[in-house]
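A.B. asks: Structure below; questions to follow.
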Amino acid sequence: MSEHKDFLRTIVEKDLKSGKYKNIITRFPPEPNGFPHIGHAKSIAINFGIARDYNGYCNLRMDDTNPTTEDTRYVEALKDAVEWLGFKWEGDVRYTSDYFEKLYDWAVELVKMGKAYVDSLDEETMREYRGTVTESGRRSEYAKRSVEENLDLLERMKNGEFKDGAHVLRAKIDMSAPNMKMRDPLLYRIRHAHHYRAGDKWAIYPMYDFGHCLSDYIEGVTHSICTLEFENNRDIYDWVLDTLKLEPPRPYQHEFARLGINYTVMSKRKLLELVNEKRVSGWDDPRLPTIAGFRRRGYTPESILNFCDQIGIAKANSTVDFSQLEFCIRDDLNTKVPRVMCVLDPLKVTIENYEGSEELDAPYYPDDVPKEGARKVPFSKEIYIEREDFSENPPEGYYRLTLTQAVRLKHAYIITCKEIKKDRNGNITEIIAEYNPESKSGQDTSGIKVKSAIQWVDAVSAKKVEVRLYDRLYSCENPQSIEDLNPDSLKIIKNALIEPAVITEKPDVRFQFEREGYFYADPIDYTDANPVFNKIVGLKDSWGKKEKQQKPLTTRRTQPKKVQIEGETEPMSEHEQALFNKYTTELKLNSMVAEILARDNKLSSFYEDTLSANNSPITIANLVANEVARELKEKEIDELQFNPAQIAELVKILDNGTISNKIAKEVFEEMVKSGENPTQIVEAKGLIQISDTSVIEPIIDEIIAKNPDNVEKFRAGNTNLLGFFVGQVLKATDGKANPKVVNELVAQKLK
RNA sequence: UGGGGUAUCGCCAAGCGGUAAGGCCGCGGCUUUUGGUGCCGCUAUUCGGGGGUUCGAAUCCCUCUACCCCAUCCA
């Protein structure tokens, strides 16, 4: 766990500390109606991760309340995903469908309480009745049905006596609730459908809002973590649990932002479309952000988990750079997999002065990877190198083989180019080269320095392999439709050449093809006769990048600062205007403060009451407009712990210098909580301000002596540090030192 | 538009009145038989805008703006 906790862990810790819960129970509750993707991985990492971090446990629950879309194959995929990521759910897999009986009993209970009713409006009418976001809805006439009638109807719904859509069970909440979700939400609907687990037993199925909170409760879940789009549903979550008066403790819902990654799509609908329209080869197509896709591509669970860790958890909608994911898989594989040589686009090289053959020793791992292992690499007169590693007209900074530039064959000899052979069209078909017998890798006495070492394979022993080069699925950052698909997301190379050990020894399933990238033996299509490798990710390529980037770097510094349009504030009413005028002219308040007070009649009346007890208009105004305003945001005046007379008193001791502004805030906080008198608080806590320089000075000297680095930085021009020193002094005096005095003194001493 | 959210570097993201963390990307340099890795530097005088309170504001107050979610018998 990193040292900075995310907001969910902060909540969990607080709940543990306060004793709200003894143990933490979370759950990962997917609906089995689609294949899990990396967004699910984030949720899995959060839910299982929190349970692990706080010694609790996490359930895996299929939220299977909609029989028409769900299927066992998805259940399997979901279980598989969790396991692959290395997590264990508590006990057996749970299913909301296992709770149907209990859920139904609770529904009956709500009906008995008069909190739920059977509605028989048709779908369209119901929609009309719901109103809109700006207009309130109205309640169906059926809401007037008696408890007995509702009970009877509900039972018959359950028994399958009615057709789909004939009736629904709704919670009786508030048809004019500003939160649309609270306008008598549906609890049950009739569905004469076969459920993949419950079979044909049920003719009615619970809705998400009814089933989810209660399933959490049944399982003893403490923190029900879901994504942002359920924020509006939280009110129902609470309503159901509270209305049923269930025995505590009960779960609470918390929401985080779902994962978005650029150059790909994450919605079930769009993913399904890609698969159904055969734009990809299936759910496990290595270009897809599905768990199965990543797995087939060769990503490791560690890399995915690491990614989830790196991106953090917050409430702001965001889109993570694909490069972050690429970093994670490279970072993981770098220390794990063997390096081997594979030539994707072969160019024949004949080494004129070499005769016979030999087997060269080559370690699988570079020096900086602490792993053992080596293989033999056959070498002879005819070899293949990567076409890109030779250039007849090299650009500036080219390190590889040229007419005049020698290069090392990795693990072998240094060669120089003698002659180029071309076909009729001018394409290079072969290079005639010469090797230096003194330059053998590991026993080089030639003294030749080369700019680079390139990969190669021996012509006679190399094996032919198929290599599938995958790139981002879409060509734009924020793809909208299939038109944004990247036409080059898959390139298949049928005739790549690989050194024999990879095929014969099979030292691993993942490899780094030296200087190319990381590759994975395809778990499905790979056969000994036709080996297939998937490209997981390329190596970082600062040369390739430099080559492409010919266009001048646009100076991004001078971005157009976008002008922000100021909206109009509603004009003040006549009464407010009059107050405002009085405040600014008679009482000399600044116009901002005057406006805050004038526009809010709770504030203005509180202000005037305070003023009548202490004639200090400006200080009181500032206090009321800034501090009292915060308390009055969601409360009425008579709900406050403190009263105007106490504020008047606070202002008095503030005005006469007994306490500083900083202390005044502290005292105010205390008044908010306890309602005690300010003078008492000041006395009890000994908060009287220290303005005596002879007391303060030695403290400053001490702080300065303790922080020589910061003194230096300050003197070098970092004047922000003044705040640091003042803060330190204030901390040392428990906030009692007069900050103005401290400020002056510190500034003086640091000069 | 009523309600609920969110705004800190190109992308994520800490920060909760006292020195603007960290990661990715990018840019330099060193190391390197991978133009990889590793290491070392650099990259926000400023926190969506404007005001206010304060010795001191990303943090508190006011206000404006932008974006996301909600009117499925989906979850």
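Ligands are numbered from 1 in the order shown, chains are lettered A, B, ... in the order of the structure tokens, and residues start at 1 in each chain.
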Identify all chain A residues at most 6 Å from chain B by counting only C-alpha atoms (C1' of nucleotides); ligands do not count. Present them as a count of residues only.
C.D. replies: 27
A.B. asks: Within 10 Å of Tyr95 of chain A, counting only C-alpha atoms (C1' of nucleotides), which residues qualify if same-chain residues fewer than 4 places away don't, as a list in words?
C.D. replies: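 Listing them by chain and then by number gives Pro29, Glu31, Leu60, Arg61, Met62, Asp63, Asp64, Thr65, Tyr99, Phe100, Arg197 and Ser215 of chain A.
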A.B. asks: Between atom CA of Trp456 of chain A and atom CA of Tyr299 of chain A, what is the distance in Å, rounded to a tenth?
C.D. replies: 26.2 Å
A.B. asks: Please provide the set of residues having any atom within 6 Å of segment 519-526 of chain A, restricted to only C-alpha atoms (C1' of nucleotides), with same-chain residues fewer than 5 positions apart removed, written as a list in words.
C.D. replies: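 Everything that qualifies: Gly298, Val509, Arg510, Phe511, Pro531, Val532, Phe533, Asn534, Lys535 and Ile536 of chain A.
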A.B. asks: Tell me, in Å to one decimal, how far atom CA of Asn615 of chain A is from atom CA of Val742 of chain A.
C.D. replies: 29.3 Å
A.B. asks: Could you give me, as a PDB file with all heavy atoms, in the first residue's frame, the residues within 12 Å of Ser694 of chain A, counting only C-alpha atoms (C1' of nucleotides) and dropping anything in the same chain fewer than 3 positions from it?
C.D. replies:
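Done, and the output landed in around_5.pdb:
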```
ATOM      1  N   ILE A 690       0.250  35.816  22.448  1.00  0.00           N
ATOM      2  CA  ILE A 690       1.552  36.287  22.903  1.00  0.00           C
ATOM      3  C   ILE A 690       2.077  37.307  21.907  1.00  0.00           C
ATOM      4  O   ILE A 690       2.335  36.979  20.749  1.00  0.00           O
ATOM      5  CB  ILE A 690       2.557  35.123  22.980  1.00  0.00           C
ATOM      6  CG1 ILE A 690       2.001  33.993  23.846  1.00  0.00           C
ATOM      7  CG2 ILE A 690       3.905  35.609  23.499  1.00  0.00           C
ATOM      8  CD1 ILE A 690       2.758  32.698  23.708  1.00  0.00           C
ATOM      9  N   SER A 691       2.235  38.554  22.366  1.00  0.00           N
ATOM     10  CA  SER A 691       2.759  39.582  21.469  1.00  0.00           C
ATOM     11  C   SER A 691       4.128  40.085  21.916  1.00  0.00           C
ATOM     12  O   SER A 691       4.772  40.866  21.231  1.00  0.00           O
ATOM     13  CB  SER A 691       1.799  40.779  21.396  1.00  0.00           C
ATOM     14  OG  SER A 691       0.536  40.335  20.963  1.00  0.00           O
ATOM     15  N   GLU A 697      11.072  36.056  20.208  1.00  0.00           N
ATOM     16  CA  GLU A 697      12.381  36.037  19.547  1.00  0.00           C
ATOM     17  C   GLU A 697      13.207  34.769  19.740  1.00  0.00           C
ATOM     18  O   GLU A 697      13.709  34.209  18.758  1.00  0.00           O
ATOM     19  CB  GLU A 697      13.195  37.271  19.964  1.00  0.00           C
ATOM     20  CG  GLU A 697      13.044  38.384  18.947  1.00  0.00           C
ATOM     21  CD  GLU A 697      13.936  39.566  19.252  1.00  0.00           C
ATOM     22  OE1 GLU A 697      13.566  40.403  20.098  1.00  0.00           O
ATOM     23  OE2 GLU A 697      15.014  39.620  18.631  1.00  0.00           O
ATOM     24  N   PRO A 698      13.366  34.325  20.970  1.00  0.00           N
ATOM     25  CA  PRO A 698      14.165  33.097  21.130  1.00  0.00           C
ATOM     26  C   PRO A 698      13.591  31.893  20.378  1.00  0.00           C
ATOM     27  O   PRO A 698      14.342  31.041  19.899  1.00  0.00           O
ATOM     28  CB  PRO A 698      14.146  32.851  22.646  1.00  0.00           C
ATOM     29  CG  PRO A 698      13.212  33.833  23.229  1.00  0.00           C
ATOM     30  CD  PRO A 698      12.942  34.888  22.238  1.00  0.00           C
ATOM     31  N   ILE A 699      12.290  31.870  20.273  1.00  0.00           N
ATOM     32  CA  ILE A 699      11.671  30.760  19.534  1.00  0.00           C
ATOM     33  C   ILE A 699      12.039  30.847  18.061  1.00  0.00           C
ATOM     34  O   ILE A 699      12.399  29.854  17.431  1.00  0.00           O
ATOM     35  CB  ILE A 699      10.138  30.797  19.709  1.00  0.00           C
ATOM     36  CG1 ILE A 699       9.788  30.671  21.198  1.00  0.00           C
ATOM     37  CG2 ILE A 699       9.477  29.677  18.912  1.00  0.00           C
ATOM     38  CD1 ILE A 699       8.350  30.917  21.538  1.00  0.00           C
ATOM     39  N   ILE A 700      11.984  32.055  17.557  1.00  0.00           N
ATOM     40  CA  ILE A 700      12.356  32.241  16.153  1.00  0.00           C
ATOM     41  C   ILE A 700      13.809  31.837  15.927  1.00  0.00           C
ATOM     42  O   ILE A 700      14.132  31.124  14.964  1.00  0.00           O
ATOM     43  CB  ILE A 700      12.145  33.707  15.726  1.00  0.00           C
ATOM     44  CG1 ILE A 700      10.654  34.063  15.793  1.00  0.00           C
ATOM     45  CG2 ILE A 700      12.690  33.934  14.315  1.00  0.00           C
ATOM     46  CD1 ILE A 700      10.332  35.482  15.415  1.00  0.00           C
ATOM     47  N   ASP A 701      14.671  32.266  16.840  1.00  0.00           N
ATOM     48  CA  ASP A 701      16.085  31.928  16.695  1.00  0.00           C
ATOM     49  C   ASP A 701      16.299  30.429  16.635  1.00  0.00           C
ATOM     50  O   ASP A 701      17.077  29.917  15.837  1.00  0.00           O
ATOM     51  CB  ASP A 701      16.886  32.525  17.869  1.00  0.00           C
ATOM     52  CG  ASP A 701      16.929  34.046  17.769  1.00  0.00           C
ATOM     53  OD1 ASP A 701      16.748  34.560  16.646  1.00  0.00           O
ATOM     54  OD2 ASP A 701      17.112  34.711  18.805  1.00  0.00           O
ATOM     55  N   ALA A 737       1.256  32.673  19.438  1.00  0.00           N
ATOM     56  CA  ALA A 737       2.076  33.826  19.094  1.00  0.00           C
ATOM     57  C   ALA A 737       1.308  34.749  18.158  1.00  0.00           C
ATOM     58  O   ALA A 737       0.592  34.278  17.275  1.00  0.00           O
ATOM     59  CB  ALA A 737       3.366  33.375  18.430  1.00  0.00           C
ATOM     60  N   VAL A 741       3.271  39.924  14.635  1.00  0.00           N
ATOM     61  CA  VAL A 741       4.577  40.174  15.243  1.00  0.00           C
ATOM     62  C   VAL A 741       5.592  39.163  14.732  1.00  0.00           C
ATOM     63  O   VAL A 741       6.710  39.511  14.348  1.00  0.00           O
ATOM     64  CB  VAL A 741       4.459  40.096  16.781  1.00  0.00           C
ATOM     65  CG1 VAL A 741       5.825  40.223  17.425  1.00  0.00           C
ATOM     66  CG2 VAL A 741       3.504  41.165  17.294  1.00  0.00           C
ATOM     67  N   VAL A 742       5.170  37.905  14.696  1.00  0.00           N
ATOM     68  CA  VAL A 742       6.070  36.851  14.228  1.00  0.00           C
ATOM     69  C   VAL A 742       6.527  37.137  12.808  1.00  0.00           C
ATOM     70  O   VAL A 742       7.707  37.065  12.485  1.00  0.00           O
ATOM     71  CB  VAL A 742       5.369  35.470  14.281  1.00  0.00           C
ATOM     72  CG1 VAL A 742       6.255  34.394  13.672  1.00  0.00           C
ATOM     73  CG2 VAL A 742       5.002  35.110  15.702  1.00  0.00           C
ATOM     74  N   LEU A 745       9.062  39.933  12.715  1.00  0.00           N
ATOM     75  CA  LEU A 745      10.318  39.511  13.319  1.00  0.00           C
ATOM     76  C   LEU A 745      11.087  38.539  12.414  1.00  0.00           C
ATOM     77  O   LEU A 745      12.296  38.662  12.214  1.00  0.00           O
ATOM     78  CB  LEU A 745      10.017  38.827  14.662  1.00  0.00           C
ATOM     79  CG  LEU A 745      10.447  39.536  15.949  1.00  0.00           C
ATOM     80  CD1 LEU A 745      10.362  41.045  15.840  1.00  0.00           C
ATOM     81  CD2 LEU A 745       9.609  39.054  17.127  1.00  0.00           C
TER      82      LEU A 745
END
```
A.B. asks: If we count only C-alpha atoms (C1' of nucleotides) and set the cut-off at 12 Å, which residues sit around C39 of chain B, ignoring sequence neighbours fewer than 4 positions away in its own chain? Please answer as a list of chain:residue names.
C.D. replies: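 Counting only the stated atoms, we get B:G29, B:C30, B:U31, B:U32.
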A.B. asks: Could you write out that same residue set with all heavy atoms as an mmCIF file, in the first residue's frame?
C.D. replies:
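Below is the file that was written, selection-v2.cif:
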```cif
data_model
loop_
_atom_site.group_PDB
_atom_site.id
_atom_site.type_symbol
_atom_site.label_atom_id
_atom_site.label_comp_id
_atom_site.auth_asym_id
_atom_site.auth_seq_id
_atom_site.Cartn_x
_atom_site.Cartn_y
_atom_site.Cartn_z
ATOM 1 P P G B 29 22.317 14.926 -24.475
ATOM 2 O OP1 G B 29 23.185 15.436 -25.537
ATOM 3 O OP2 G B 29 21.317 13.884 -24.767
ATOM 4 O "O5'" G B 29 23.214 14.420 -23.259
ATOM 5 C "C5'" G B 29 24.060 15.340 -22.579
ATOM 6 C "C4'" G B 29 24.341 14.837 -21.191
ATOM 7 O "O4'" G B 29 23.106 14.755 -20.433
ATOM 8 C "C3'" G B 29 24.888 13.427 -21.084
ATOM 9 O "O3'" G B 29 26.264 13.366 -21.408
ATOM 10 C "C2'" G B 29 24.609 13.114 -19.620
ATOM 11 O "O2'" G B 29 25.544 13.743 -18.767
ATOM 12 C "C1'" G B 29 23.233 13.747 -19.438
ATOM 13 N N9 G B 29 22.164 12.754 -19.614
ATOM 14 C C8 G B 29 21.278 12.633 -20.665
ATOM 15 N N7 G B 29 20.449 11.626 -20.507
ATOM 16 C C5 G B 29 20.808 11.056 -19.294
ATOM 17 C C6 G B 29 20.272 9.939 -18.599
ATOM 18 O O6 G B 29 19.330 9.196 -18.927
ATOM 19 N N1 G B 29 20.932 9.701 -17.398
ATOM 20 C C2 G B 29 21.983 10.460 -16.930
ATOM 21 N N2 G B 29 22.499 10.083 -15.752
ATOM 22 N N3 G B 29 22.499 11.506 -17.552
ATOM 23 C C4 G B 29 21.863 11.745 -18.728
ATOM 24 P P C B 30 26.847 12.001 -22.053
ATOM 25 O OP1 C B 30 28.188 12.344 -22.568
ATOM 26 O OP2 C B 30 25.832 11.407 -22.954
ATOM 27 O "O5'" C B 30 27.005 11.056 -20.777
ATOM 28 C "C5'" C B 30 27.886 11.408 -19.711
ATOM 29 C "C4'" C B 30 27.689 10.453 -18.568
ATOM 30 O "O4'" C B 30 26.315 10.547 -18.091
ATOM 31 C "C3'" C B 30 27.825 8.973 -18.922
ATOM 32 O "O3'" C B 30 29.170 8.556 -19.003
ATOM 33 C "C2'" C B 30 27.081 8.324 -17.763
ATOM 34 O "O2'" C B 30 27.838 8.317 -16.566
ATOM 35 C "C1'" C B 30 25.898 9.280 -17.601
ATOM 36 N N1 C B 30 24.723 8.816 -18.383
ATOM 37 C C2 C B 30 23.961 7.744 -17.881
ATOM 38 O O2 C B 30 24.302 7.230 -16.809
ATOM 39 N N3 C B 30 22.894 7.307 -18.588
ATOM 40 C C4 C B 30 22.572 7.895 -19.739
ATOM 41 N N4 C B 30 21.501 7.426 -20.387
ATOM 42 C C5 C B 30 23.324 8.980 -20.280
ATOM 43 C C6 C B 30 24.390 9.409 -19.572
ATOM 44 P P U B 31 29.514 7.307 -19.994
ATOM 45 O OP1 U B 31 30.971 7.090 -19.912
ATOM 46 O OP2 U B 31 28.872 7.538 -21.316
ATOM 47 O "O5'" U B 31 28.775 6.085 -19.302
ATOM 48 C "C5'" U B 31 29.262 5.531 -18.076
ATOM 49 C "C4'" U B 31 28.379 4.376 -17.679
ATOM 50 O "O4'" U B 31 27.003 4.842 -17.542
ATOM 51 C "C3'" U B 31 28.263 3.274 -18.727
ATOM 52 O "O3'" U B 31 29.371 2.392 -18.678
ATOM 53 C "C2'" U B 31 26.971 2.595 -18.303
ATOM 54 O "O2'" U B 31 27.146 1.723 -17.214
ATOM 55 C "C1'" U B 31 26.117 3.795 -17.889
ATOM 56 N N1 U B 31 25.248 4.236 -19.003
ATOM 57 C C2 U B 31 24.057 3.542 -19.194
ATOM 58 O O2 U B 31 23.700 2.628 -18.489
ATOM 59 N N3 U B 31 23.305 3.963 -20.259
ATOM 60 C C4 U B 31 23.619 4.984 -21.139
ATOM 61 O O4 U B 31 22.843 5.249 -22.056
ATOM 62 C C5 U B 31 24.866 5.652 -20.875
ATOM 63 C C6 U B 31 25.623 5.258 -19.849
ATOM 64 P P U B 32 29.935 1.850 -20.081
ATOM 65 O OP1 U B 32 31.114 1.023 -19.753
ATOM 66 O OP2 U B 32 30.053 2.989 -21.024
ATOM 67 O "O5'" U B 32 28.783 0.900 -20.616
ATOM 68 C "C5'" U B 32 28.406 -0.259 -19.871
ATOM 69 C "C4'" U B 32 27.136 -0.833 -20.469
ATOM 70 O "O4'" U B 32 26.073 0.147 -20.381
ATOM 71 C "C3'" U B 32 27.221 -1.129 -21.967
ATOM 72 O "O3'" U B 32 27.848 -2.388 -22.207
ATOM 73 C "C2'" U B 32 25.737 -1.134 -22.351
ATOM 74 O "O2'" U B 32 25.123 -2.347 -22.018
ATOM 75 C "C1'" U B 32 25.181 -0.009 -21.474
ATOM 76 N N1 U B 32 25.086 1.279 -22.221
ATOM 77 C C2 U B 32 23.903 1.558 -22.889
ATOM 78 O O2 U B 32 22.940 0.823 -22.855
ATOM 79 N N3 U B 32 23.909 2.733 -23.600
ATOM 80 C C4 U B 32 24.944 3.630 -23.709
ATOM 81 O O4 U B 32 24.789 4.643 -24.395
ATOM 82 C C5 U B 32 26.124 3.273 -22.982
ATOM 83 C C6 U B 32 26.161 2.139 -22.287
#
```
A.B. asks: Go ahead and compute the interatomic distance for atom CA of Lys42 of chain A and atom CA of Cys308 of chain A, in Å to one decimal.
C.D. replies: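 Between atom CA of Lys42 of chain A and atom CA of Cys308 of chain A the gap is 5.5 Å.
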A.B. asks: If you run DSSP on the backbone, which residues of segment 383-455 of chain A are strand (DSSP E), as a ChimeraX atom specification?
C.D. replies: /A:383-386,390-391,401-402,407-409,414-422,428-435,453-454
A.B. asks: Can you pull out every residue from segment 277-519 of chain A that DSSP, working from the backbone, puts in helix (DSSP H, G or I), and format the result as an MDAnalysis selection string?
C.D. replies: chainID A and resid 291:297 301:311 322:334 387:389 437:439 482:484 500:504
A.B. asks: Would you mind exporting the chosen residues as a tab-separated table (two decimals), in the first residue's frame, restricted to C-alpha atoms?
C.D. replies:
```tsv
chain	number	residue	atom	x	y	z
A	291	ILE	CA	-9.30	-9.37	-19.34
A	292	ALA	CA	-9.34	-12.24	-21.79
A	293	GLY	CA	-7.83	-9.97	-24.42
A	294	PHE	CA	-5.00	-8.78	-22.23
A	295	ARG	CA	-4.37	-12.31	-21.18
A	296	ARG	CA	-4.21	-13.58	-24.73
A	297	ARG	CA	-1.99	-10.67	-25.65
A	301	PRO	CA	-1.76	-10.09	-13.86
A	302	GLU	CA	0.97	-8.27	-11.95
A	303	SER	CA	1.18	-5.61	-14.61
A	304	ILE	CA	-2.58	-5.03	-14.59
A	305	LEU	CA	-2.66	-4.85	-10.82
A	306	ASN	CA	0.26	-2.49	-10.80
A	307	PHE	CA	-1.54	-0.33	-13.30
A	308	CYS	CA	-4.63	-0.22	-11.12
A	309	ASP	CA	-2.45	0.83	-8.26
A	310	GLN	CA	-0.73	3.57	-10.20
A	311	ILE	CA	-3.84	5.25	-11.54
A	322	PHE	CA	-2.44	4.12	-22.73
A	323	SER	CA	1.26	4.70	-22.19
A	324	GLN	CA	0.74	4.19	-18.48
A	325	LEU	CA	-0.44	0.65	-19.15
A	326	GLU	CA	2.41	0.04	-21.56
A	327	PHE	CA	4.84	1.20	-18.94
A	328	CYS	CA	3.43	-1.32	-16.46
A	329	ILE	CA	3.80	-4.32	-18.71
A	330	ARG	CA	7.30	-3.36	-19.85
A	331	ASP	CA	8.31	-2.72	-16.30
A	332	ASP	CA	7.08	-6.13	-15.22
A	333	LEU	CA	8.50	-8.12	-18.12
A	334	ASN	CA	11.87	-6.38	-18.10
A	387	ARG	CA	16.28	-4.90	-43.00
A	388	GLU	CA	16.01	-1.72	-40.98
A	389	ASP	CA	19.43	-2.32	-39.50
A	437	PRO	CA	37.89	-12.97	-36.31
A	438	GLU	CA	39.36	-11.11	-33.35
A	439	SER	CA	36.04	-9.57	-32.35
A	482	ILE	CA	-16.06	1.99	-35.72
A	483	GLU	CA	-14.87	4.59	-38.17
A	484	ASP	CA	-12.21	5.51	-35.67
A	500	PRO	CA	16.19	-22.29	-32.78
A	501	ALA	CA	16.49	-22.43	-28.98
A	502	VAL	CA	13.22	-20.56	-28.56
A	503	ILE	CA	11.36	-23.33	-30.30
A	504	THR	CA	13.37	-26.33	-29.17
```
A.B. asks: Could you list, as a PyMOL selection string, every residue within 12 Å of Asp235 of chain A, counting only C-alpha atoms (C1' of nucleotides) and ignoring same-chain residues fewer than 2 positions away?
C.D. replies: (chain A and resi 173-174+177-185+209-210+213+230-233+237-243+252-254) or (chain B and resi 3-4)
A.B. asks: Can you write out the residues you just picked, keeping C-alpha atoms (C1' of nucleotides), as an mmCIF file, in the first residue's frame?
C.D. replies:
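Written file, result17.cif:
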```
data_model
loop_
_atom_site.group_PDB
_atom_site.id
_atom_site.type_symbol
_atom_site.label_atom_id
_atom_site.label_comp_id
_atom_site.auth_asym_id
_atom_site.auth_seq_id
_atom_site.Cartn_x
_atom_site.Cartn_y
_atom_site.Cartn_z
ATOM 1 C CA ILE A 173 -41.454 7.630 -1.733
ATOM 2 C CA ASP A 174 -41.970 10.989 -3.376
ATOM 3 C CA ALA A 177 -38.399 14.386 -5.374
ATOM 4 C CA PRO A 178 -35.727 16.449 -7.123
ATOM 5 C CA ASN A 179 -33.752 13.232 -7.431
ATOM 6 C CA MET A 180 -35.568 11.457 -10.242
ATOM 7 C CA LYS A 181 -34.483 8.103 -8.863
ATOM 8 C CA MET A 182 -36.633 8.679 -5.791
ATOM 9 C CA ARG A 183 -39.891 9.154 -7.698
ATOM 10 C CA ASP A 184 -41.451 5.898 -6.546
ATOM 11 C CA PRO A 185 -38.786 3.591 -7.962
ATOM 12 C CA ASP A 209 -32.115 -0.790 -6.514
ATOM 13 C CA PHE A 210 -34.034 -3.235 -4.388
ATOM 14 C CA CYS A 213 -28.642 -2.996 -1.093
ATOM 15 C CA PHE A 230 -24.818 5.197 -9.041
ATOM 16 C CA GLU A 231 -24.550 8.332 -6.947
ATOM 17 C CA ASN A 232 -28.196 9.132 -7.537
ATOM 18 C CA ASN A 233 -29.135 5.609 -6.520
ATOM 19 C CA TYR A 237 -30.052 2.347 -1.178
ATOM 20 C CA ASP A 238 -30.386 4.191 2.111
ATOM 21 C CA TRP A 239 -34.157 4.415 1.904
ATOM 22 C CA VAL A 240 -34.693 0.676 1.511
ATOM 23 C CA LEU A 241 -32.314 -0.253 4.281
ATOM 24 C CA ASP A 242 -33.608 2.390 6.673
ATOM 25 C CA THR A 243 -37.285 1.900 5.936
ATOM 26 C CA TYR A 252 -23.059 2.205 3.123
ATOM 27 C CA GLN A 253 -22.434 2.961 -0.501
ATOM 28 C CA HIS A 254 -19.391 4.877 -1.760
ATOM 29 C "C1'" G B 3 -31.127 17.443 -8.343
ATOM 30 C "C1'" G B 4 -26.437 14.989 -7.624
#
```
